[in-house]
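First the structure, in the form of structure tokens, and then the observations on it.
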Amino acid sequence: MPRNLMLYGAAVIVGLVVYFVLRSLLGPEIMFIVALIGVVIGGVIIFRNLQTNRKVAEATPEQRTQALTFAPVPDKAALYLFRNQFVGKAVGINVLIDGREVVQLKSPRFTRILLTPGPHRIAGYTGTNKKPGHGEGTALNAAAGEVLVLKCEVEPQLVGVTIKFTPMSADAARADIQKITKMVVPDVAKV
């Protein structure tokens with residue numbers, strides 16, 4: 001997050017310098033039109049990104065409380081996915097497990113998915129990006145009775161974003177997940 005804030009701050013400073021240099025060269029009337037065009041383009045991009053969000057089911061307080069116990073399931077692995085970053089907060093990330101779309105997460109939210117033991121591949125994309133290919137994503141090997149936690153983060157690029165899943169221990173992530181007030185029910189209960 002601090003790295004992103006430094007980049008955003010540098011972009012604002014460079015943008016203001018370029019604006020005032022062009023304003024002195026072209027005149028205030030032309031730069032007003034250019035700035036207006038820039039605002040419209042920015043608005044279209046934001047509107048387009050938010051249009052890709054879909055309605056997701058919120059968990060009941062009982063489901064959330066039960067999930068926050070981090071209790072292992074004997075014949076399945078429990079996978080916790082959570083987002084708590086500010087960047088891209090309103091844009092939903094579609095999460096795929098083994099190429100199958102299982103949930104959409106906005107920030108700050110988390111979900112719990114039961115996995116069959118064995119290897120799995122987790123990937124994500126925003127609605128405006130293309131779906132990841134079959135071999136793309138984060139590989140993980142689930143064992144029966146195991147509790148796995150992945151932090152989902154948006155990494156801004158020059159054009160578009162990438163989605164990063166960072167493995168965490170359940171103990172390290174417990175405090176972060178407990179601060180999140182909303183739990184999303186996945187589209188599928190087990191993968």
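In the structure tokens, the first chain shown is A, the next is B, and so on; residue numbers restart at 1 for each chain, and ligands run from 1 in the order shown.
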With a distance cut-off of 12 Å and only C-alpha atoms, select the neighbouring residues of Arg121 in chain A, excluding the residue or stretch itself and same-chain residues fewer than 3 positions from it, and output the selection as number ranges by chain. A: 95-101, 115, 118, 124, 132-142, 165, 191
For N, CA and C atoms, I'd like the residues from the last selection saved as a compact mmCIF listing (two decimals), in the first residue's frame.
# COMPACT_ATOMS: atom_id res chain seq x y z
N VAL A 95 -13.13 -14.96 -8.44
CA VAL A 95 -12.15 -15.95 -8.04
C VAL A 95 -12.50 -17.28 -8.68
N LEU A 96 -11.49 -17.88 -9.32
CA LEU A 96 -11.66 -19.18 -9.95
C LEU A 96 -10.82 -20.21 -9.22
N ILE A 97 -11.39 -21.37 -8.97
CA ILE A 97 -10.65 -22.49 -8.42
C ILE A 97 -10.75 -23.61 -9.43
N ASP A 98 -9.60 -24.06 -9.92
CA ASP A 98 -9.52 -25.10 -10.95
C ASP A 98 -10.33 -24.71 -12.19
N GLY A 99 -10.30 -23.42 -12.55
CA GLY A 99 -10.99 -22.93 -13.74
C GLY A 99 -12.48 -22.69 -13.56
N ARG A 100 -12.99 -22.92 -12.38
CA ARG A 100 -14.43 -22.77 -12.10
C ARG A 100 -14.64 -21.54 -11.24
N GLU A 101 -15.51 -20.64 -11.68
CA GLU A 101 -15.78 -19.42 -10.91
C GLU A 101 -16.57 -19.77 -9.66
N LEU A 115 -12.56 -27.48 0.15
CA LEU A 115 -11.83 -28.07 -0.97
C LEU A 115 -11.66 -29.57 -0.75
N GLY A 118 -6.08 -32.53 -2.30
CA GLY A 118 -5.33 -32.66 -3.55
C GLY A 118 -4.90 -31.31 -4.08
N GLY A 124 -7.69 -15.22 -10.26
CA GLY A 124 -8.71 -14.20 -10.17
C GLY A 124 -8.60 -13.19 -11.30
N PRO A 132 -8.20 -15.75 -16.61
CA PRO A 132 -6.90 -16.41 -16.65
C PRO A 132 -6.99 -17.76 -17.35
N GLY A 133 -5.90 -18.15 -17.97
CA GLY A 133 -5.85 -19.44 -18.66
C GLY A 133 -5.83 -20.60 -17.68
N HIS A 134 -5.85 -21.82 -18.21
CA HIS A 134 -5.94 -23.03 -17.39
C HIS A 134 -4.74 -23.19 -16.46
N GLY A 135 -3.54 -22.88 -16.91
CA GLY A 135 -2.34 -23.09 -16.09
C GLY A 135 -1.96 -21.89 -15.25
N GLU A 136 -2.71 -20.80 -15.31
CA GLU A 136 -2.36 -19.58 -14.58
C GLU A 136 -2.91 -19.62 -13.16
N GLY A 137 -2.31 -18.84 -12.29
CA GLY A 137 -2.81 -18.71 -10.93
C GLY A 137 -1.86 -19.27 -9.90
N THR A 138 -2.33 -19.31 -8.67
CA THR A 138 -1.55 -19.78 -7.54
C THR A 138 -1.88 -21.25 -7.28
N ALA A 139 -0.85 -22.08 -7.25
CA ALA A 139 -1.05 -23.50 -6.98
C ALA A 139 -1.01 -23.74 -5.48
N LEU A 140 -1.89 -24.62 -5.03
CA LEU A 140 -1.83 -25.02 -3.63
C LEU A 140 -2.28 -26.48 -3.52
N ASN A 141 -1.75 -27.14 -2.52
CA ASN A 141 -2.07 -28.54 -2.28
C ASN A 141 -2.83 -28.63 -0.97
N ALA A 142 -4.09 -29.06 -1.06
CA ALA A 142 -4.95 -29.11 0.12
C ALA A 142 -4.94 -30.50 0.73
N PHE A 165 -2.58 -13.67 -5.02
CA PHE A 165 -3.04 -14.41 -3.85
C PHE A 165 -1.82 -14.73 -3.00
N VAL A 191 -15.42 -27.54 -3.69
CA VAL A 191 -14.71 -27.66 -4.97
C VAL A 191 -13.85 -28.89 -4.90
Write down as a ChimeraX atom specification the residues belonging to chain A that are assigned alpha helix (DSSP H) by DSSP computed on the backbone. /A:2-26,28-51,61-67,170-179
Distance of CA of Gly160 in chain A from CA of Leu36 in chain A, expressed in Å to one decimal place: 22.7 Å
Just the strand (DSSP E or B) stuff from chain A, please, per backbone DSSP, written as a ChimeraX atom specification. /A:58,77-83,93-97,100-105,109-115,118-126,138-142,147-156,161-168,183-184,190
Need the shell around Glu153 in chain A: protein/DNA/RNA residues with any atom at most 12 Å away, counting only C-alpha atoms. Skip same-chain ones fewer than 6 positions apart. Format as number ranges by chain? A: 1, 81-89, 91-95, 105-109, 123-126, 161-167
Using only C-alpha atoms, which protein or nucleic acid residues come within 9 Å of Ala144 in chain A? Drop anything in the same chain fewer than 4 positions from it, and give the result as number ranges by chain. A: 72-78, 115-118
Output N, CA and C atoms of each residue in that selection to a file, as a compact mmCIF listing (two decimals), in the first residue's frame.
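result.txt, freshly written:
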# COMPACT_ATOMS: atom_id res chain seq x y z
N PRO A 72 -11.29 -26.95 11.56
CA PRO A 72 -11.03 -27.80 10.40
C PRO A 72 -12.19 -28.77 10.14
N VAL A 73 -12.32 -29.18 8.89
CA VAL A 73 -13.34 -30.14 8.49
C VAL A 73 -12.62 -31.47 8.25
N PRO A 74 -13.09 -32.58 8.83
CA PRO A 74 -12.33 -33.83 8.78
C PRO A 74 -11.94 -34.33 7.37
N ASP A 75 -12.86 -34.33 6.42
CA ASP A 75 -12.55 -34.90 5.12
C ASP A 75 -12.33 -33.86 4.02
N LYS A 76 -12.31 -32.60 4.37
CA LYS A 76 -12.11 -31.50 3.41
C LYS A 76 -11.08 -30.52 3.98
N ALA A 77 -10.58 -29.67 3.11
CA ALA A 77 -9.73 -28.55 3.54
C ALA A 77 -10.58 -27.29 3.50
N ALA A 78 -10.45 -26.43 4.49
CA ALA A 78 -11.19 -25.17 4.53
C ALA A 78 -10.29 -24.07 4.00
N LEU A 115 -12.56 -27.48 0.15
CA LEU A 115 -11.83 -28.07 -0.97
C LEU A 115 -11.66 -29.57 -0.75
N THR A 116 -11.73 -30.32 -1.84
CA THR A 116 -11.38 -31.73 -1.76
C THR A 116 -9.87 -31.82 -1.63
N PRO A 117 -9.35 -32.80 -0.90
CA PRO A 117 -7.90 -32.93 -0.77
C PRO A 117 -7.25 -33.14 -2.13
N GLY A 118 -6.08 -32.53 -2.30
CA GLY A 118 -5.33 -32.66 -3.55
C GLY A 118 -4.90 -31.31 -4.08
Please provide as a PyMOL selection string all residues within 10 Å of Arg48 in chain A, with the sequence filter that same-chain residues fewer than 5 positions apart are discarded (counting only C-alpha atoms). chain A and resi 42-43+53+127-128
